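Q: Please find model-v4.cif (mmCIF, C-alpha atoms and all ligand atoms) on the next line:
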data_work
#
loop_
_atom_site.group_PDB
_atom_site.id
_atom_site.type_symbol
_atom_site.label_atom_id
_atom_site.label_comp_id
_atom_site.auth_asym_id
_atom_site.auth_seq_id
_atom_site.Cartn_x
_atom_site.Cartn_y
_atom_site.Cartn_z
ATOM 1 C CA ALA A 1 32.575 0.549 15.020
ATOM 2 C CA ALA A 2 30.728 2.032 17.998
ATOM 3 C CA THR A 3 31.746 5.534 16.902
ATOM 4 C CA GLU A 4 30.625 4.980 13.330
ATOM 5 C CA ALA A 5 27.328 3.430 14.499
ATOM 6 C CA ALA A 6 26.789 6.382 16.868
ATOM 7 C CA SER A 7 27.202 8.755 13.924
ATOM 8 C CA LEU A 8 24.720 6.857 11.725
ATOM 9 C CA ARG A 9 21.852 6.614 14.249
ATOM 10 C CA PRO A 10 20.865 10.299 14.510
ATOM 11 C CA GLN A 11 21.046 10.574 10.717
ATOM 12 C CA LEU A 12 18.695 7.611 10.221
ATOM 13 C CA LEU A 13 16.344 8.769 12.981
ATOM 14 C CA GLN A 14 16.110 12.217 11.428
ATOM 15 C CA TRP A 15 15.554 10.817 7.921
ATOM 16 C CA GLY A 16 13.003 8.389 9.356
ATOM 17 C CA LYS A 17 11.043 11.175 11.008
ATOM 18 C CA GLN A 18 11.065 13.107 7.751
ATOM 19 C CA TYR A 19 9.778 10.085 5.853
ATOM 20 C CA TYR A 20 7.165 8.763 8.285
ATOM 21 C CA ASP A 21 6.083 11.814 10.205
ATOM 22 C CA ALA A 22 6.455 14.609 7.702
ATOM 23 C CA ASP A 23 5.764 12.580 4.541
ATOM 24 C CA ALA A 24 8.609 14.472 2.942
ATOM 25 C CA PRO A 25 11.664 12.212 2.695
ATOM 26 C CA GLN A 26 14.942 14.080 2.491
ATOM 27 C CA VAL A 27 16.844 11.234 0.827
ATOM 28 C CA GLU A 28 16.126 8.588 -1.772
ATOM 29 C CA ASP A 29 14.950 5.270 -0.309
ATOM 30 C CA ALA A 30 18.121 3.648 -1.684
ATOM 31 C CA THR A 31 20.321 5.994 0.371
ATOM 32 C CA TYR A 32 18.339 5.357 3.549
ATOM 33 C CA ASP A 33 18.431 1.594 2.932
ATOM 34 C CA ARG A 34 22.224 1.627 2.332
ATOM 35 C CA VAL A 35 23.004 3.539 5.537
ATOM 36 C CA TYR A 36 20.501 1.449 7.505
ATOM 37 C CA ALA A 37 22.116 -1.756 6.197
ATOM 38 C CA ARG A 38 25.541 -0.438 7.292
ATOM 39 C CA LEU A 39 24.245 0.176 10.820
ATOM 40 C CA VAL A 40 22.680 -3.301 10.933
ATOM 41 C CA ALA A 41 25.998 -4.810 9.794
ATOM 42 C CA LEU A 42 27.925 -2.929 12.520
ATOM 43 C CA GLU A 43 25.426 -3.872 15.245
ATOM 44 C CA THR A 44 25.353 -7.488 14.078
ATOM 45 C CA ALA A 45 29.177 -7.675 14.118
ATOM 46 C CA PHE A 46 29.378 -5.911 17.503
ATOM 47 C CA PRO A 47 26.126 -6.589 19.431
ATOM 48 C CA ALA A 48 27.517 -4.769 22.459
ATOM 49 C CA ILE A 49 27.177 -1.425 20.647
ATOM 50 C CA VAL A 50 23.401 -1.691 20.022
ATOM 51 C CA THR A 51 21.461 1.059 21.811
ATOM 52 C CA PRO A 52 17.735 0.777 22.699
ATOM 53 C CA ASP A 53 16.945 3.919 20.696
ATOM 54 C CA SER A 54 18.694 2.619 17.576
ATOM 55 C CA PRO A 55 16.453 2.728 14.490
ATOM 56 C CA THR A 56 17.196 -0.999 14.092
ATOM 57 C CA GLN A 57 15.243 -1.618 17.328
ATOM 58 C CA ARG A 58 12.012 -0.039 16.077
ATOM 59 C CA VAL A 59 9.201 -1.649 14.069
ATOM 60 C CA GLY A 60 8.649 -0.230 10.548
ATOM 61 C CA GLY A 61 6.653 2.913 10.108
ATOM 62 C CA THR A 62 5.921 5.187 13.022
ATOM 63 C CA THR A 63 2.488 6.735 13.271
ATOM 64 C CA ARG A 64 1.967 10.503 13.579
ATOM 65 C CA GLY A 65 1.851 11.408 17.289
ATOM 66 C CA ASP A 66 -1.158 13.734 17.137
ATOM 67 C CA LEU A 67 -3.686 11.571 15.218
ATOM 68 C CA PRO A 68 -5.704 9.046 17.305
ATOM 69 C CA LYS A 69 -4.664 5.426 16.914
ATOM 70 C CA VAL A 70 -6.687 2.544 15.463
ATOM 71 C CA THR A 71 -5.879 -1.141 16.001
ATOM 72 C CA HIS A 72 -6.566 -3.225 12.891
ATOM 73 C CA GLU A 73 -8.512 -6.356 13.946
ATOM 74 C CA ILE A 74 -7.070 -8.058 10.857
ATOM 75 C CA PRO A 75 -3.549 -6.702 10.178
ATOM 76 C CA MET A 76 -2.978 -4.618 7.066
ATOM 77 C CA LEU A 77 -0.249 -6.324 5.113
ATOM 78 C CA SER A 78 2.297 -4.992 2.693
ATOM 79 C CA LEU A 79 3.425 -6.942 -0.359
ATOM 80 C CA GLY A 80 6.482 -8.960 -1.271
ATOM 81 C CA ASP A 81 8.330 -7.415 -4.213
ATOM 82 C CA VAL A 82 10.056 -8.883 -7.230
ATOM 83 C CA PHE A 83 11.972 -6.947 -9.875
ATOM 84 C CA SER A 84 12.182 -9.335 -12.814
ATOM 85 C CA ILE A 85 10.049 -11.799 -14.759
ATOM 86 C CA ASP A 86 12.401 -14.595 -13.663
ATOM 87 C CA GLU A 87 11.712 -13.831 -9.992
ATOM 88 C CA LEU A 88 8.008 -13.702 -10.796
ATOM 89 C CA LYS A 89 8.251 -17.174 -12.367
ATOM 90 C CA GLU A 90 10.024 -18.431 -9.239
ATOM 91 C CA PHE A 91 7.156 -17.093 -7.114
ATOM 92 C CA ASP A 92 4.657 -18.863 -9.394
ATOM 93 C CA GLU A 93 6.557 -22.177 -9.348
ATOM 94 C CA ARG A 94 6.952 -22.066 -5.561
ATOM 95 C CA LEU A 95 3.277 -21.284 -5.053
ATOM 96 C CA ARG A 96 2.052 -23.958 -7.465
ATOM 97 C CA SER A 97 4.317 -26.560 -5.831
ATOM 98 C CA ASN A 98 2.500 -25.879 -2.530
ATOM 99 C CA VAL A 99 -1.016 -25.925 -3.998
ATOM 100 C CA ASP A 100 -2.558 -29.097 -5.479
ATOM 101 C CA GLU A 101 -5.363 -27.296 -7.334
ATOM 102 C CA ALA A 102 -4.994 -25.376 -10.596
ATOM 103 C CA PHE A 103 -5.711 -21.656 -10.182
ATOM 104 C CA ASP A 104 -5.668 -18.388 -12.102
ATOM 105 C CA TYR A 105 -4.092 -15.101 -11.057
ATOM 106 C CA ASN A 106 -5.814 -11.753 -10.998
ATOM 107 C CA CYS A 107 -3.504 -9.046 -12.367
ATOM 108 C CA GLU A 108 -3.948 -5.528 -10.977
ATOM 109 C CA LEU A 109 -2.066 -2.253 -11.337
ATOM 110 C CA LYS A 110 -0.078 -1.407 -8.203
ATOM 111 C CA ILE A 111 -1.425 1.989 -7.277
ATOM 112 C CA ASP A 112 1.220 4.320 -5.888
ATOM 113 C CA GLY A 113 -0.636 5.905 -3.013
ATOM 114 C CA LEU A 114 -1.060 4.959 0.598
ATOM 115 C CA ALA A 115 -2.991 2.039 1.981
ATOM 116 C CA ILE A 116 -6.228 2.768 3.849
ATOM 117 C CA SER A 117 -8.799 0.655 5.645
ATOM 118 C CA LEU A 118 -12.504 1.595 5.662
ATOM 119 C CA ARG A 119 -14.817 0.120 8.296
ATOM 120 C CA TYR A 120 -18.542 -0.147 7.621
ATOM 121 C CA GLU A 121 -21.183 -1.259 10.140
ATOM 122 C CA ASN A 122 -24.591 -2.219 8.771
ATOM 123 C CA GLY A 123 -23.582 -0.492 5.552
ATOM 124 C CA GLU A 124 -22.575 2.843 7.164
ATOM 125 C CA PHE A 125 -19.014 4.228 7.005
ATOM 126 C CA VAL A 126 -17.897 4.445 10.640
ATOM 127 C CA GLN A 127 -14.088 4.631 10.638
ATOM 128 C CA GLY A 128 -11.147 5.004 8.284
ATOM 129 C CA SER A 129 -7.463 4.525 9.032
ATOM 130 C CA THR A 130 -3.964 4.370 7.613
ATOM 131 C CA ARG A 131 -1.889 1.180 7.665
ATOM 132 C CA GLY A 132 0.638 2.550 10.191
ATOM 133 C CA ASN A 133 2.839 -0.406 11.083
ATOM 134 C CA GLY A 134 0.234 -2.931 9.959
ATOM 135 C CA GLN A 135 -1.215 -3.493 13.440
ATOM 136 C CA ILE A 136 -1.812 0.103 14.559
ATOM 137 C CA GLY A 137 -2.715 2.889 12.147
ATOM 138 C CA GLU A 138 -4.048 6.440 12.486
ATOM 139 C CA ASP A 139 -7.704 7.406 12.622
ATOM 140 C CA ILE A 140 -8.307 9.628 9.571
ATOM 141 C CA THR A 141 -12.098 9.162 9.395
ATOM 142 C CA ALA A 142 -12.923 12.878 9.172
ATOM 143 C CA ASN A 143 -10.409 13.384 6.371
ATOM 144 C CA LEU A 144 -11.638 10.356 4.421
ATOM 145 C CA LYS A 145 -15.238 11.639 4.635
ATOM 146 C CA THR A 146 -14.158 14.535 2.394
ATOM 147 C CA ILE A 147 -13.219 12.139 -0.442
ATOM 148 C CA ASP A 148 -16.069 11.812 -2.977
ATOM 149 C CA SER A 149 -15.162 8.269 -4.082
ATOM 150 C CA ILE A 150 -15.627 6.874 -0.555
ATOM 151 C CA PRO A 151 -19.328 5.935 -0.074
ATOM 152 C CA GLN A 152 -20.976 6.959 3.209
ATOM 153 C CA THR A 153 -23.598 4.208 2.776
ATOM 154 C CA LEU A 154 -23.235 0.895 0.940
ATOM 155 C CA SER A 155 -25.849 -0.609 -1.361
ATOM 156 C CA ARG A 156 -26.115 -3.528 1.143
ATOM 157 C CA PRO A 157 -26.120 -3.235 4.984
ATOM 158 C CA LEU A 158 -22.797 -5.092 5.395
ATOM 159 C CA THR A 159 -20.369 -4.966 8.309
ATOM 160 C CA ILE A 160 -16.961 -5.154 6.621
ATOM 161 C CA ASP A 161 -13.414 -3.746 6.551
ATOM 162 C CA VAL A 162 -12.433 -2.793 3.005
ATOM 163 C CA ARG A 163 -8.824 -2.044 2.075
ATOM 164 C CA GLY A 164 -7.464 -0.074 -0.821
ATOM 165 C CA GLU A 165 -5.256 2.763 -1.881
ATOM 166 C CA CYS A 166 -5.800 6.500 -1.523
ATOM 167 C CA TYR A 167 -3.912 8.415 -4.200
ATOM 168 C CA MET A 168 -3.600 11.856 -5.727
ATOM 169 C CA PRO A 169 -4.235 11.968 -9.508
ATOM 170 C CA LYS A 170 -1.258 13.284 -11.477
ATOM 171 C CA ALA A 171 -3.174 16.402 -12.634
ATOM 172 C CA ALA A 172 -4.107 17.289 -9.035
ATOM 173 C CA PHE A 173 -0.482 16.744 -7.974
ATOM 174 C CA LEU A 174 0.892 19.101 -10.629
ATOM 175 C CA ALA A 175 -1.718 21.795 -9.814
ATOM 176 C CA LEU A 176 -1.019 21.474 -6.064
ATOM 177 C CA ASN A 177 2.731 21.875 -6.537
ATOM 178 C CA GLU A 178 2.198 24.913 -8.747
ATOM 179 C CA ARG A 179 0.095 26.490 -5.975
ATOM 180 C CA ARG A 180 2.682 25.577 -3.359
ATOM 181 C CA GLU A 181 5.569 27.018 -5.319
ATOM 182 C CA ALA A 182 3.556 30.176 -6.066
ATOM 183 C CA ALA A 183 3.030 30.474 -2.297
ATOM 184 C CA GLY A 184 6.730 29.906 -1.597
ATOM 185 C CA GLN A 185 6.098 26.461 -0.089
ATOM 186 C CA ALA A 186 8.201 23.373 -0.815
ATOM 187 C CA PRO A 187 6.599 21.189 -3.507
ATOM 188 C CA PHE A 188 5.810 17.525 -2.730
ATOM 189 C CA ALA A 189 8.388 15.155 -4.245
ATOM 190 C CA ASN A 190 5.791 12.794 -5.761
ATOM 191 C CA PRO A 191 2.027 12.053 -5.729
ATOM 192 C CA ARG A 192 2.446 9.423 -3.016
ATOM 193 C CA ASN A 193 3.965 11.868 -0.552
ATOM 194 C CA ALA A 194 1.351 14.443 -1.538
ATOM 195 C CA ALA A 195 -1.454 11.958 -0.834
ATOM 196 C CA ALA A 196 0.093 10.914 2.493
ATOM 197 C CA GLY A 197 0.670 14.506 3.553
ATOM 198 C CA SER A 198 -2.884 15.430 2.523
ATOM 199 C CA LEU A 199 -4.504 12.519 4.356
ATOM 200 C CA ARG A 200 -2.540 12.543 7.606
ATOM 201 C CA GLN A 201 -3.767 16.053 8.311
ATOM 202 C CA LEU A 202 -5.268 17.411 11.512
ATOM 203 C CA ASN A 203 -7.019 20.073 9.431
ATOM 204 C CA THR A 204 -9.786 18.315 7.474
ATOM 205 C CA GLN A 205 -10.315 21.327 5.200
ATOM 206 C CA VAL A 206 -6.774 20.874 3.855
ATOM 207 C CA THR A 207 -7.652 17.291 2.927
ATOM 208 C CA ALA A 208 -10.908 18.419 1.306
ATOM 209 C CA ASP A 209 -9.005 20.761 -1.019
ATOM 210 C CA ARG A 210 -6.541 18.116 -2.235
ATOM 211 C CA GLN A 211 -8.751 16.198 -4.771
ATOM 212 C CA LEU A 212 -7.768 12.792 -3.401
ATOM 213 C CA ALA A 213 -9.162 9.604 -4.948
ATOM 214 C CA THR A 214 -9.314 5.902 -4.082
ATOM 215 C CA PHE A 215 -9.185 2.456 -5.652
ATOM 216 C CA MET A 216 -10.381 -0.284 -3.307
ATOM 217 C CA TYR A 217 -9.067 -3.827 -3.845
ATOM 218 C CA ASN A 218 -9.310 -6.008 -0.806
ATOM 219 C CA ILE A 219 -11.532 -7.023 2.076
ATOM 220 C CA ALA A 220 -10.303 -8.086 5.503
ATOM 221 C CA ASP A 221 -12.759 -10.981 5.801
ATOM 222 C CA TYR A 222 -14.391 -12.569 2.743
ATOM 223 C CA GLU A 223 -17.458 -14.005 4.544
ATOM 224 C CA PRO A 224 -19.970 -11.175 3.895
ATOM 225 C CA LEU A 225 -19.467 -11.307 0.136
ATOM 226 C CA ASN A 226 -21.045 -13.567 -2.496
ATOM 227 C CA THR A 227 -18.045 -13.781 -4.814
ATOM 228 C CA ARG A 228 -15.380 -16.510 -4.612
ATOM 229 C CA THR A 229 -12.671 -14.808 -6.697
ATOM 230 C CA GLN A 230 -10.442 -11.718 -6.455
ATOM 231 C CA SER A 231 -11.701 -10.501 -9.839
ATOM 232 C CA GLY A 232 -15.282 -11.016 -8.640
ATOM 233 C CA LEU A 233 -14.404 -9.166 -5.429
ATOM 234 C CA LEU A 234 -13.528 -6.065 -7.429
ATOM 235 C CA ASP A 235 -16.894 -6.286 -9.241
ATOM 236 C CA GLU A 236 -18.746 -6.760 -5.957
ATOM 237 C CA LEU A 237 -16.924 -3.824 -4.312
ATOM 238 C CA ALA A 238 -18.030 -1.667 -7.265
ATOM 239 C CA GLU A 239 -21.637 -2.870 -6.798
ATOM 240 C CA LEU A 240 -21.417 -1.900 -3.121
ATOM 241 C CA GLY A 241 -20.473 1.656 -4.120
ATOM 242 C CA PHE A 242 -16.645 1.677 -4.033
ATOM 243 C CA THR A 243 -14.404 2.881 -6.826
ATOM 244 C CA THR A 244 -12.274 0.039 -8.164
ATOM 245 C CA ASN A 245 -9.650 0.056 -10.872
ATOM 246 C CA PRO A 246 -11.123 -1.433 -14.076
ATOM 247 C CA THR A 247 -7.780 -2.489 -15.593
ATOM 248 C CA TYR A 248 -7.606 -5.855 -13.815
ATOM 249 C CA GLN A 249 -7.290 -9.030 -15.891
ATOM 250 C CA VAL A 250 -7.487 -12.719 -15.002
ATOM 251 C CA ALA A 251 -4.326 -14.553 -16.102
ATOM 252 C CA HIS A 252 -4.124 -18.345 -16.558
ATOM 253 C CA ASN A 253 -0.313 -18.508 -16.589
ATOM 254 C CA MET A 254 2.843 -16.417 -16.469
ATOM 255 C CA THR A 255 2.715 -15.805 -20.212
ATOM 256 C CA ASP A 256 -0.550 -13.919 -19.700
ATOM 257 C CA VAL A 257 0.981 -12.108 -16.692
ATOM 258 C CA ALA A 258 4.033 -11.052 -18.723
ATOM 259 C CA ALA A 259 1.704 -9.728 -21.452
ATOM 260 C CA TYR A 260 -0.200 -7.688 -18.833
ATOM 261 C CA ILE A 261 3.081 -6.271 -17.525
ATOM 262 C CA ASP A 262 4.204 -5.279 -21.035
ATOM 263 C CA GLN A 263 0.808 -3.730 -21.751
ATOM 264 C CA TYR A 264 0.830 -1.501 -18.689
ATOM 265 C CA GLN A 265 4.540 -0.728 -18.626
ATOM 266 C CA GLY A 266 3.824 0.867 -22.016
ATOM 267 C CA LYS A 267 0.749 2.734 -20.793
ATOM 268 C CA ARG A 268 2.239 3.866 -17.484
ATOM 269 C CA ALA A 269 3.058 7.441 -18.518
ATOM 270 C CA ASP A 270 -0.430 7.966 -19.959
ATOM 271 C CA LEU A 271 -2.376 6.810 -16.900
ATOM 272 C CA PRO A 272 -3.970 9.664 -14.889
ATOM 273 C CA TYR A 273 -2.593 8.162 -11.662
ATOM 274 C CA GLY A 274 0.767 6.837 -10.534
ATOM 275 C CA ILE A 275 1.563 3.135 -10.543
ATOM 276 C CA ASP A 276 4.870 1.588 -9.462
ATOM 277 C CA GLY A 277 4.240 -1.914 -10.784
ATOM 278 C CA ILE A 278 1.588 -4.583 -10.976
ATOM 279 C CA VAL A 279 0.273 -7.017 -8.366
ATOM 280 C CA ILE A 280 -0.676 -10.614 -9.162
ATOM 281 C CA LYS A 281 -2.978 -12.366 -6.712
ATOM 282 C CA ALA A 282 -4.213 -15.952 -6.565
ATOM 283 C CA ASN A 283 -7.750 -15.476 -7.919
ATOM 284 C CA PRO A 284 -9.686 -18.016 -5.758
ATOM 285 C CA LEU A 285 -10.549 -16.299 -2.437
ATOM 286 C CA PRO A 286 -10.669 -19.607 -0.469
ATOM 287 C CA LEU A 287 -7.111 -20.259 -1.709
ATOM 288 C CA GLN A 288 -6.025 -16.788 -0.538
ATOM 289 C CA ARG A 289 -7.497 -17.562 2.875
ATOM 290 C CA SER A 290 -5.941 -21.043 3.128
ATOM 291 C CA LEU A 291 -2.512 -19.729 2.077
ATOM 292 C CA GLY A 292 -2.720 -16.828 4.533
ATOM 293 C CA ALA A 293 0.209 -14.512 5.198
ATOM 294 C CA THR A 294 3.654 -14.411 6.771
ATOM 295 C CA VAL A 295 4.251 -11.793 9.459
ATOM 296 C CA LYS A 296 4.230 -9.002 6.892
ATOM 297 C CA VAL A 297 3.062 -10.176 3.456
ATOM 298 C CA PRO A 298 0.390 -12.441 1.908
ATOM 299 C CA ARG A 299 1.607 -15.741 0.461
ATOM 300 C CA TRP A 300 -0.975 -15.493 -2.329
ATOM 301 C CA ALA A 301 0.185 -12.216 -3.904
ATOM 302 C CA ILE A 302 3.380 -10.603 -5.161
ATOM 303 C CA ALA A 303 4.201 -7.161 -6.531
ATOM 304 C CA TYR A 304 6.280 -6.844 -9.667
ATOM 305 C CA LYS A 305 7.987 -3.434 -9.483
ATOM 306 C CA PHE A 306 8.704 -1.560 -12.700
ATOM 307 C CA PRO A 307 12.306 -0.399 -13.103
ATOM 308 C CA PRO A 308 12.578 3.225 -11.805
HETATM 309 C C1 LIG A 401 -3.179 -7.407 -0.936
HETATM 310 O O1 LIG A 401 -2.416 -6.252 -0.575
HETATM 311 C C2 LIG A 401 -2.276 -5.244 -1.486
HETATM 312 N N1 LIG A 401 -2.899 -5.287 -2.676
HETATM 313 C C3 LIG A 401 -2.722 -4.279 -3.565
HETATM 314 N N2 LIG A 401 -3.350 -4.320 -4.766
HETATM 315 C C4 LIG A 401 -3.193 -3.311 -5.647
HETATM 316 N N3 LIG A 401 -3.837 -3.376 -6.824
HETATM 317 N N4 LIG A 401 -2.415 -2.211 -5.386
HETATM 318 C C5 LIG A 401 -1.777 -2.129 -4.205
HETATM 319 N N5 LIG A 401 -1.021 -1.036 -3.941
HETATM 320 C C6 LIG A 401 -1.904 -3.164 -3.229
HETATM 321 N N6 LIG A 401 -1.280 -3.099 -2.019
HETATM 322 C C7 LIG A 401 -1.458 -4.116 -1.149
HETATM 323 C C8 LIG A 401 -0.780 -4.053 0.203
#
Translate the structure described by the file into structure tokens.
Ligand SMILES: COc1nc2nc(N)nc(N)c2nc1C
A:
Amino acid sequence: AATEAASLRPQLLQWGKQYYDADAPQVEDATYDRVYARLVALETAFPAIVTPDSPTQRVGGTTRGDLPKVTHEIPMLSLGDVFSIDELKEFDERLRSNVDEAFDYNCELKIDGLAISLRYENGEFVQGSTRGNGQIGEDITANLKTIDSIPQTLSRPLTIDVRGECYMPKAAFLALNERREAAGQAPFANPRNAAAGSLRQLNTQVTADRQLATFMYNIADYEPLNTRTQSGLLDELAELGFTTNPTYQVAHNMTDVAAYIDQYQGKRADLPYGIDGIVIKANPLPLQRSLGATVKVPRWAIAYKFPP
């Protein structure tokens, strides 16, 4: 067991560096997850063989060594995932059993990019960062300033942290890979890696040439806003100057949610940007705040992932 575990660790560490630090995974997520699970099983069965440098002893994503670090005052969360309508219904039933008020969901497309946080002080863009491990991300302010859809000044002098997704449109991705292959460089595997590789750059001019875009969808603290719903939040973010995704729909029940899923599973190939599912969020913002989050994911939202 110790020998097998010792052979798995360098493999996982190398794959992990490729994924997190080079934004160019060498293996499918499923392969990484399978090998990682094997190592966890061995170390659980034989705790004596765990080594401090084992990938099982490290928190999620690493951040790129050379970019400055940013600590998120309010952690950037990821999302719980479900892969079937039945699981989605279980999420809904569990949530409604814990909440005594009736509430709607807001359905949104799950943009396949990388999460960013934008800090504004008195309406001026002062800092932008990646999620990193949720607590500590990388300062990519200079790179984000090259993205047209990110406003330098808001229509109101607010001090807020806005969260959303930075992505590379499909057309830009195809054109970039053509240029890379013409120049004898390895193409990016998918638009998400291309966006991550383009954003986590030390050379801002590289970022500027990559035609990145954003859809903003969340705010770290709801106080400064007038709206009381997630759907209203998207409208208010648009009024402030952000680009938001207009495809959101308020759903009263899981029948409406299932219809939204069918609608956009059918449109997925025709969208000019990549999506890997939909996200449903409790629409009342006070309910989101009272439900809060676990260590890693909000209790008031779930992602439904489309089959690959
Ligand atoms: C509340 O947290 C989130 N909300 C999201 N919403 C949409 N539409 N797309 C995402 N990728 C997304 N990701 C996260 C972590």
Q: What do you get as JSON, numbers by chain if you pick all residues at most 6 Å from ligand LIG 401 (chain A), counting all atoms listed in the file?
A: {"A": [77, 78, 79, 108, 109, 110, 111, 217, 279]}
Q: Measuring atom to atom with only C-alpha atoms, identify which of A:Val70, A:Leu144, A:Asn226, A:Glu101 is nearest to Ala208 of chain A.
A: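 Result for the nearest residue to Ala208 of chain A: A:Leu144.
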Q: Write out, as CSV, each residue of segment 73-133 of chain A that has an atom at most 10 Å from segment 251-274 of chain A, together with the closest pair of atoms and their distance in Å to one decimal, counting all atoms listed in the file, rows going by chain and rising number.
A:
residue,atom,partner,partner_atom,distance
A:Ile85,CA,A:Ala258,CA,7.2
A:Leu88,CA,A:Met254,CA,8.1
A:Lys89,CA,A:Met254,CA,6.8
A:Asp92,CA,A:Met254,CA,7.7
A:Glu93,CA,A:Met254,CA,9.9
A:Ala102,CA,A:His252,CA,9.3
A:Phe103,CA,A:His252,CA,7.4
A:Asp104,CA,A:His252,CA,4.7
A:Tyr105,CA,A:Ala251,CA,5.1
A:Asn106,CA,A:Ala251,CA,6.0
A:Cys107,CA,A:Ala251,CA,6.7
A:Glu108,CA,A:Tyr260,CA,9.0
A:Leu109,CA,A:Tyr264,CA,7.9
A:Lys110,CA,A:Gly274,CA,8.6
A:Ile111,CA,A:Gly274,CA,6.2
A:Asp112,CA,A:Gly274,CA,5.3
A:Gly113,CA,A:Gly274,CA,7.7
Q: I would like the residues chosen by the PyMOL selection byres (((chain A and resi 227-231) around 9) and not hetatm) on the shown file; could you give them as number ranges by chain?
A: A: 105-107, 217-218, 222, 225-226, 232-236, 248-250, 281-286, 288
Q: Work out how far atom CA of Pro157 of chain A is from atom CA of Glu121 of chain A, in Å to one decimal.
A: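 That distance, rounded to one decimal, is 7.4 Å.
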Q: Would you compute the distance between atom CA of Gly128 of chain A and atom CA of Leu158 of chain A? Give it in Å to one decimal.
A: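 So the two atoms, atom CA of Gly128 of chain A and atom CA of Leu158 of chain A, lie 15.7 Å apart.
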Q: Just to confirm, what's the straight-line distance from atom CA of Phe91 of chain A to atom CA of Thr243 of chain A in Å (one decimal)?
A: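 Interatomic distance, atom CA of Phe91 of chain A to atom CA of Thr243 of chain A: 29.4 Å.
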Q: From the list A:Val35, A:Met168, A:Ile302, A:Ala2, which residue is nearest Val50 of chain A when using only C-alpha atoms?
A: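 Selected residue with least distance to Val50 of chain A: A:Ala2.
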Q: Quick one: residues within 9 Å of Ile150 of chain A, only C-alpha atoms counted, chain neighbours fewer than 6 positions away excluded, as a list in words?
A: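 My reading of the contact set: Leu118, Phe125, Leu144, Ala213, Thr214, Gly241, Phe242 and Thr243 of chain A.
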Q: Nearest to Ile278 of chain A: which of A:Asp81, A:Asp53, A:Asp33, A:Glu124 is it, counting only C-alpha atoms?
A: A:Asp81
Q: Given the file shown, determine the residues that the PyMOL selection byres (((chain A and resi 198) around 10) and not hetatm) selects; report them as a ChimeraX atom specification.
A: /A:23,143,167-168,192-197,199-212
Q: If you apply the PyMOL selection byres (((chain A and resi 296) around 9) and not hetatm) to this file, what residues do you get, as a PyMOL selection string?
A: chain A and resi 75-80+134+293-295+297-298
Q: Which residues are close to Leu174 of chain A, i.e. within 10 Å by all atoms listed in the file, leaving aside same-chain residues fewer than 3 positions away? Reply as a PyMOL selection string.
A: chain A and resi 168-171+177-180+187-188+190-191
Q: What are the centre and the three edge lengths of an axis-aligned box that wraps all atoms of segment 229-240 of chain A in the file, given that 6 Å is added to every side, written as JSON and rounded to one decimal in Å?
A:
{"center_x": -16.0, "center_y": -8.2, "center_z": -6.5, "size_x": 23.2, "size_y": 25.1, "size_z": 18.7}
Q: Of the candidates A:Ala220, A:Ala175, A:Val27, A:Ile275, which one gets nearest to Pro308 of chain A if we count only C-alpha atoms?
A: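 Residue with the minimum atom-to-atom distance to Pro308 of chain A: A:Ile275.
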Q: Residues at most 10 Å from Ile49 of chain A, counting all atoms listed in the file, excluding those fewer than 2 positions away in the same chain, as an MDAnalysis selection string?
A: chainID A and resid 1:3 5:6 42:47 51:52 54
Q: Hey, what's within 6 Å of Gly277 of chain A if we count only C-alpha atoms and toss same-chain stuff fewer than 6 positions away? As a VMD selection string, please?
A: chain A and resid 110 304 to 306
Q: What does the file look like for those residues with C-alpha atoms, as a compact mmCIF listing (two decimals), in the coordinates of the input?
A:
# COMPACT_ATOMS: atom_id res chain seq x y z
CA LYS A 110 -0.08 -1.41 -8.20
CA TYR A 304 6.28 -6.84 -9.67
CA LYS A 305 7.99 -3.43 -9.48
CA PHE A 306 8.70 -1.56 -12.70
Q: Calculated over only C-alpha atoms, which of the candidates A:Met216, A:Val82, A:Ile160, A:Leu154 has the smallest distance to Ala115 of chain A?
A: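 Result for the nearest residue to Ala115 of chain A: A:Met216.
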Q: For segment 222-229 of chain A, where the input has fewer atoms than it should, I would like N, CA and C atoms rebuilt and written as a CSV table (one decimal), in the coordinates of the input.
A:
chain,number,residue,atom,x,y,z
A,222,TYR,N,-13.6,-12.3,4.0
A,222,TYR,CA,-14.4,-12.6,2.7
A,222,TYR,C,-15.8,-13.0,3.0
A,223,GLU,N,-16.1,-13.4,4.3
A,223,GLU,CA,-17.5,-14.0,4.5
A,223,GLU,C,-18.6,-13.2,4.0
A,224,PRO,N,-18.7,-11.9,4.2
A,224,PRO,CA,-20.0,-11.2,3.9
A,224,PRO,C,-20.2,-11.1,2.4
A,225,LEU,N,-19.3,-11.5,1.6
A,225,LEU,CA,-19.5,-11.3,0.1
A,225,LEU,C,-20.0,-12.6,-0.5
A,226,ASN,N,-20.5,-12.4,-1.7
A,226,ASN,CA,-21.0,-13.6,-2.5
A,226,ASN,C,-19.9,-14.2,-3.4
A,227,THR,N,-19.0,-13.3,-3.8
A,227,THR,CA,-18.0,-13.8,-4.8
A,227,THR,C,-17.0,-14.7,-4.2
A,228,ARG,N,-16.4,-15.5,-5.1
A,228,ARG,CA,-15.4,-16.5,-4.6
A,228,ARG,C,-14.0,-16.3,-5.3
A,229,THR,N,-14.0,-15.1,-6.0
A,229,THR,CA,-12.7,-14.8,-6.7
A,229,THR,C,-12.3,-13.4,-6.4
